[in-house]
Amino acid sequence: MCRWLAYLGEPLRPSTIVLDSKNSIVAQSLESSLGAEPVNGDGFGFGWYPTDAPAGTEPALFHSTDPAWNDQNLRELTRAIVSPLFFTHVRAATAPPIQQTNCHPFRYENWMFMHNGSIGGWRKVKRDLTLAIDPSLYPNVMGTTDSEVLFHLALTLGLADDPIAAVGRAIRAVESVGHEHDVQFPWQGTIAVSDGQRVWAFRYSSQGRTRSLFHSADIPTLREMYPDVERLREFGDEARLVVSEPLSDVPGVFVEVPESTAAILEPDGYRHEPFLAD
């Protein structure tokens, strides 16, 4: 469906990852080896939190309907900005139209959200799921994607208090409504969400065959494994990355996130928790 990455760590020029990696997100927009679609050219988005921003700061967003590989503004922006936490998403549209309001990541106050996947039977279930959004949040739904509805449903169900529980409740609501409309596998996807301090990444599908998801290994350990790899010196010890598809083919750099798992990226490391694993 789409490809995305999220970075947390020492302030970094996003171009280091977004543009300069061997299998960068921009390269994946043109040719993805693990994606459901090899080309993700239906727009893109870049979202970031400013360096030294206090807790609760709203992230900045840049969206475009141009292909990521053909947008000079993305190159300028990612080379000029330095950020400790940023998201990038390249889109392959399934049904909703190609427009800026349908490009990820989405934002509400200090929260940022993006998704790779789909809600099954969307035309059948979108009314019920949209009406389940808290009326105070509904005016913030600007586009027509299933992903944005899922984000606001998670906000409705307590994202600010417990992201793992809230995203789980939102997906269970999708599955419940889907089954009511005879959709066999209502949910498919990986999700990244952030409050500006940490990142939660989720891998789950109703069928148990979810899109790929990986996170980077510990940087100090990688430096010990590959002392001659100059590129590893560009990253701080706390650099952490979660991606739809590895940015490098060097063994051990990226670790697959298991099915039905939430991976939490925090300043002091990674941790995994079971997610909707019945």
# chains A, B, ... in the order shown; residues from 1 in each chain; ligands from 1

call {"tool": "select_by_dssp", "arguments": {"residues": "range 110-272 of chain A", "states": "helix (DSSP H, G or I)", "output": "ChimeraX atom specification"}}
result
/A:122-131,138-140,146-156,163-180,219-225,230-234

call {"tool": "write_last_selection", "arguments": {"atoms": "C-alpha atoms", "output": "mmCIF file, in the first residue's frame"}}
result
data_model
loop_
_atom_site.group_PDB
_atom_site.id
_atom_site.type_symbol
_atom_site.label_atom_id
_atom_site.label_comp_id
_atom_site.auth_asym_id
_atom_site.auth_seq_id
_atom_site.Cartn_x
_atom_site.Cartn_y
_atom_site.Cartn_z
ATOM 1 C CA TRP A 122 -14.123 0.477 3.404
ATOM 2 C CA ARG A 123 -17.154 1.570 1.379
ATOM 3 C CA LYS A 124 -19.355 -0.654 3.534
ATOM 4 C CA VAL A 125 -17.990 0.378 6.929
ATOM 5 C CA LYS A 126 -16.846 3.985 6.581
ATOM 6 C CA ARG A 127 -20.152 5.522 7.703
ATOM 7 C CA ASP A 128 -20.339 3.497 10.921
ATOM 8 C CA LEU A 129 -16.684 4.105 11.770
ATOM 9 C CA THR A 130 -16.834 7.808 10.979
ATOM 10 C CA LEU A 131 -19.896 8.233 13.187
ATOM 11 C CA TYR A 138 -14.778 15.178 13.693
ATOM 12 C CA PRO A 139 -14.074 18.718 12.318
ATOM 13 C CA ASN A 140 -10.368 17.804 12.240
ATOM 14 C CA ASP A 146 -9.585 5.093 6.137
ATOM 15 C CA SER A 147 -6.279 5.847 7.877
ATOM 16 C CA GLU A 148 -7.372 9.293 9.045
ATOM 17 C CA VAL A 149 -10.627 7.880 10.376
ATOM 18 C CA LEU A 150 -8.680 5.222 12.289
ATOM 19 C CA PHE A 151 -6.445 7.910 13.795
ATOM 20 C CA HIS A 152 -9.409 9.941 15.045
ATOM 21 C CA LEU A 153 -11.117 6.804 16.292
ATOM 22 C CA ALA A 154 -7.985 6.037 18.350
ATOM 23 C CA LEU A 155 -8.033 9.619 19.677
ATOM 24 C CA THR A 156 -11.673 9.116 20.622
ATOM 25 C CA PRO A 163 -1.642 4.581 22.965
ATOM 26 C CA ILE A 164 -1.364 0.792 22.833
ATOM 27 C CA ALA A 165 -4.782 0.216 24.376
ATOM 28 C CA ALA A 166 -6.423 2.958 22.289
ATOM 29 C CA VAL A 167 -5.054 1.747 18.956
ATOM 30 C CA GLY A 168 -6.083 -1.778 19.933
ATOM 31 C CA ARG A 169 -9.627 -0.641 20.742
ATOM 32 C CA ALA A 170 -9.836 1.257 17.442
ATOM 33 C CA ILE A 171 -8.770 -1.793 15.434
ATOM 34 C CA ARG A 172 -11.173 -4.035 17.345
ATOM 35 C CA ALA A 173 -13.940 -1.563 16.478
ATOM 36 C CA VAL A 174 -12.936 -1.824 12.808
ATOM 37 C CA GLU A 175 -13.058 -5.611 13.013
ATOM 38 C CA SER A 176 -16.421 -5.602 14.769
ATOM 39 C CA VAL A 177 -18.030 -3.280 12.222
ATOM 40 C CA GLY A 178 -16.381 -5.156 9.366
ATOM 41 C CA HIS A 179 -17.731 -8.493 10.519
ATOM 42 C CA GLU A 180 -21.206 -6.965 10.807
ATOM 43 C CA ILE A 219 23.918 1.730 17.092
ATOM 44 C CA PRO A 220 26.843 1.084 19.510
ATOM 45 C CA THR A 221 26.492 -2.652 18.842
ATOM 46 C CA LEU A 222 26.460 -2.065 15.092
ATOM 47 C CA ARG A 223 29.635 0.013 15.338
ATOM 48 C CA GLU A 224 31.323 -2.898 17.091
ATOM 49 C CA MET A 225 30.095 -5.290 14.387
ATOM 50 C CA GLU A 230 31.749 5.131 7.942
ATOM 51 C CA ARG A 231 28.002 5.691 7.664
ATOM 52 C CA LEU A 232 27.347 4.429 11.199
ATOM 53 C CA ARG A 233 29.333 7.384 12.523
ATOM 54 C CA GLU A 234 26.656 9.738 11.226
#

call {"tool": "closest_atom_pairs", "arguments": {"of": "range 179-277 of chain A", "to": "range 70-94 of chain A", "cutoff": "9 Å", "atoms": "only C-alpha atoms", "output": "CSV"}}
result
residue,atom,partner,partner_atom,distance
A:Ala192,CA,A:Phe87,CA,8.5
A:Ser194,CA,A:Leu85,CA,8.8
A:Gly196,CA,A:Leu85,CA,6.9
A:Gln197,CA,A:Leu85,CA,7.9
A:Arg198,CA,A:Leu85,CA,8.2
A:Val199,CA,A:Leu85,CA,8.6
A:Ala239,CA,A:Pro84,CA,8.8

call {"tool": "residues_around", "arguments": {"residues": "range 254-256 of chain A", "least_positions_apart": "6", "cutoff": "6 Å", "atoms": "only C-alpha atoms", "output": "tab-separated table (two decimals) with N, CA and C atoms, in the first residue's frame"}}
result
chain	number	residue	atom	x	y	z
A	213	LEU	N	7.49	-4.86	8.73
A	213	LEU	CA	7.88	-3.81	9.67
A	213	LEU	C	9.20	-4.21	10.33
A	214	PHE	N	10.14	-3.25	10.42
A	214	PHE	CA	11.46	-3.49	10.98
A	214	PHE	C	11.87	-2.30	11.83
A	215	HIS	N	12.77	-2.56	12.79
A	215	HIS	CA	13.43	-1.43	13.45
A	215	HIS	C	14.94	-1.66	13.43
A	216	SER	N	15.68	-0.58	13.55
A	216	SER	CA	17.13	-0.67	13.50
A	216	SER	C	17.67	-1.29	14.78
A	217	ALA	N	18.84	-1.88	14.67
A	217	ALA	CA	19.52	-2.44	15.85
A	217	ALA	C	20.22	-1.33	16.61

call {"tool": "atom_distance", "arguments": {"atom1": "CA of Val18 in chain A", "atom2": "CA of His104 in chain A"}}
result
15.2 Å

call {"tool": "closest_residue", "arguments": {"among": "A:Gln99, A:Gly252, A:Cys2, A:Arg211", "to": "Gln28 in chain A", "atoms": "only C-alpha atoms"}}
result
A:Cys2

call {"tool": "closest_residue", "arguments": {"among": "A:Glu259, A:Asp161, A:Asp52, A:Asp268", "to": "Gly208 in chain A", "atoms": "only C-alpha atoms"}}
result
A:Glu259

call {"tool": "select_by_dssp", "arguments": {"residues": "range 125-259 of chain A", "states": "strand (DSSP E)", "output": "PyMOL selection string"}}
result
chain A and resi 187-194+199-205+214-216+240-243+254-256

call {"tool": "decode", "arguments": {"residues": "range 111-145 of chain A", "atoms": "N, CA and C atoms", "output": "mmCIF file, in the first residue's frame"}}
result
data_model
loop_
_atom_site.group_PDB
_atom_site.id
_atom_site.type_symbol
_atom_site.label_atom_id
_atom_site.label_comp_id
_atom_site.auth_asym_id
_atom_site.auth_seq_id
_atom_site.Cartn_x
_atom_site.Cartn_y
_atom_site.Cartn_z
ATOM 1 N N TRP A 111 0.111 15.069 18.549
ATOM 2 C CA TRP A 111 0.140 13.687 18.063
ATOM 3 C C TRP A 111 0.320 13.633 16.554
ATOM 4 N N MET A 112 1.092 12.637 16.104
ATOM 5 C CA MET A 112 1.315 12.414 14.687
ATOM 6 C C MET A 112 1.103 10.925 14.399
ATOM 7 N N PHE A 113 0.544 10.623 13.223
ATOM 8 C CA PHE A 113 0.077 9.262 12.920
ATOM 9 C C PHE A 113 0.261 8.963 11.445
ATOM 10 N N MET A 114 0.681 7.730 11.119
ATOM 11 C CA MET A 114 0.706 7.273 9.730
ATOM 12 C C MET A 114 0.475 5.774 9.693
ATOM 13 N N HIS A 115 0.110 5.276 8.493
ATOM 14 C CA HIS A 115 -0.397 3.908 8.369
ATOM 15 C C HIS A 115 -0.018 3.359 7.003
ATOM 16 N N ASN A 116 0.311 2.093 6.964
ATOM 17 C CA ASN A 116 0.495 1.349 5.721
ATOM 18 C C ASN A 116 -0.436 0.158 5.767
ATOM 19 N N GLY A 117 -1.468 0.173 4.931
ATOM 20 C CA GLY A 117 -2.429 -0.913 4.947
ATOM 21 C C GLY A 117 -3.794 -0.424 4.527
ATOM 22 N N SER A 118 -4.838 -1.080 5.027
ATOM 23 C CA SER A 118 -6.187 -0.684 4.632
ATOM 24 C C SER A 118 -7.224 -1.279 5.571
ATOM 25 N N ILE A 119 -8.395 -0.640 5.579
ATOM 26 C CA ILE A 119 -9.577 -1.192 6.229
ATOM 27 C C ILE A 119 -10.372 -1.914 5.157
ATOM 28 N N GLY A 120 -10.577 -3.215 5.336
ATOM 29 C CA GLY A 120 -11.297 -4.007 4.347
ATOM 30 C C GLY A 120 -12.761 -3.588 4.235
ATOM 31 N N GLY A 121 -13.275 -3.601 3.019
ATOM 32 C CA GLY A 121 -14.671 -3.233 2.814
ATOM 33 C C GLY A 121 -14.966 -1.800 3.203
ATOM 34 N N TRP A 122 -14.021 -0.903 2.923
ATOM 35 C CA TRP A 122 -14.123 0.477 3.404
ATOM 36 C C TRP A 122 -15.439 1.142 3.020
ATOM 37 N N ARG A 123 -15.904 0.941 1.805
ATOM 38 C CA ARG A 123 -17.154 1.570 1.379
ATOM 39 C C ARG A 123 -18.342 1.106 2.235
ATOM 40 N N LYS A 124 -18.264 -0.128 2.716
ATOM 41 C CA LYS A 124 -19.355 -0.654 3.534
ATOM 42 C C LYS A 124 -19.319 -0.110 4.963
ATOM 43 N N VAL A 125 -18.129 0.104 5.491
ATOM 44 C CA VAL A 125 -17.990 0.378 6.929
ATOM 45 C C VAL A 125 -17.680 1.830 7.256
ATOM 46 N N LYS A 126 -17.358 2.640 6.261
ATOM 47 C CA LYS A 126 -16.846 3.985 6.581
ATOM 48 C C LYS A 126 -17.858 4.850 7.318
ATOM 49 N N ARG A 127 -19.157 4.704 7.011
ATOM 50 C CA ARG A 127 -20.152 5.522 7.703
ATOM 51 C C ARG A 127 -20.187 5.191 9.183
ATOM 52 N N ASP A 128 -20.267 3.896 9.513
ATOM 53 C CA ASP A 128 -20.339 3.497 10.921
ATOM 54 C C ASP A 128 -19.091 3.930 11.687
ATOM 55 N N LEU A 129 -17.918 3.759 11.073
ATOM 56 C CA LEU A 129 -16.684 4.105 11.770
ATOM 57 C C LEU A 129 -16.522 5.613 11.905
ATOM 58 N N THR A 130 -16.925 6.349 10.895
ATOM 59 C CA THR A 130 -16.834 7.808 10.979
ATOM 60 C C THR A 130 -17.761 8.347 12.060
ATOM 61 N N LEU A 131 -18.956 7.774 12.163
ATOM 62 C CA LEU A 131 -19.896 8.233 13.187
ATOM 63 C C LEU A 131 -19.447 7.860 14.597
ATOM 64 N N ALA A 132 -18.505 6.933 14.714
ATOM 65 C CA ALA A 132 -17.983 6.550 16.030
ATOM 66 C C ALA A 132 -16.943 7.534 16.549
ATOM 67 N N ILE A 133 -16.488 8.459 15.707
ATOM 68 C CA ILE A 133 -15.527 9.474 16.131
ATOM 69 C C ILE A 133 -16.219 10.481 17.032
ATOM 70 N N ASP A 134 -15.551 10.900 18.096
ATOM 71 C CA ASP A 134 -16.096 11.916 18.992
ATOM 72 C C ASP A 134 -16.463 13.170 18.188
ATOM 73 N N PRO A 135 -17.671 13.714 18.383
ATOM 74 C CA PRO A 135 -18.092 14.887 17.611
ATOM 75 C C PRO A 135 -17.129 16.068 17.707
ATOM 76 N N SER A 136 -16.444 16.204 18.844
ATOM 77 C CA SER A 136 -15.495 17.321 18.980
ATOM 78 C C SER A 136 -14.260 17.139 18.115
ATOM 79 N N LEU A 137 -13.957 15.892 17.732
ATOM 80 C CA LEU A 137 -12.792 15.609 16.892
ATOM 81 C C LEU A 137 -13.133 15.597 15.407
ATOM 82 N N TYR A 138 -14.405 15.360 15.095
ATOM 83 C CA TYR A 138 -14.778 15.178 13.693
ATOM 84 C C TYR A 138 -14.367 16.346 12.783
ATOM 85 N N PRO A 139 -14.469 17.623 13.214
ATOM 86 C CA PRO A 139 -14.074 18.718 12.318
ATOM 87 C C PRO A 139 -12.613 18.667 11.889
ATOM 88 N N ASN A 140 -11.781 17.900 12.589
ATOM 89 C CA ASN A 140 -10.368 17.804 12.240
ATOM 90 C C ASN A 140 -10.092 16.760 11.170
ATOM 91 N N VAL A 141 -11.099 15.990 10.775
ATOM 92 C CA VAL A 141 -10.942 15.012 9.699
ATOM 93 C C VAL A 141 -11.052 15.775 8.378
ATOM 94 N N MET A 142 -9.927 15.987 7.726
ATOM 95 C CA MET A 142 -9.874 16.848 6.545
ATOM 96 C C MET A 142 -9.924 16.072 5.229
ATOM 97 N N GLY A 143 -9.525 14.797 5.253
ATOM 98 C CA GLY A 143 -9.455 14.022 4.014
ATOM 99 C C GLY A 143 -10.508 12.936 3.956
ATOM 100 N N THR A 144 -10.256 11.922 3.120
ATOM 101 C CA THR A 144 -11.246 10.869 2.881
ATOM 102 C C THR A 144 -10.682 9.464 3.098
ATOM 103 N N THR A 145 -9.520 9.355 3.741
ATOM 104 C CA THR A 145 -8.889 8.042 3.875
ATOM 105 C C THR A 145 -9.388 7.275 5.089
#
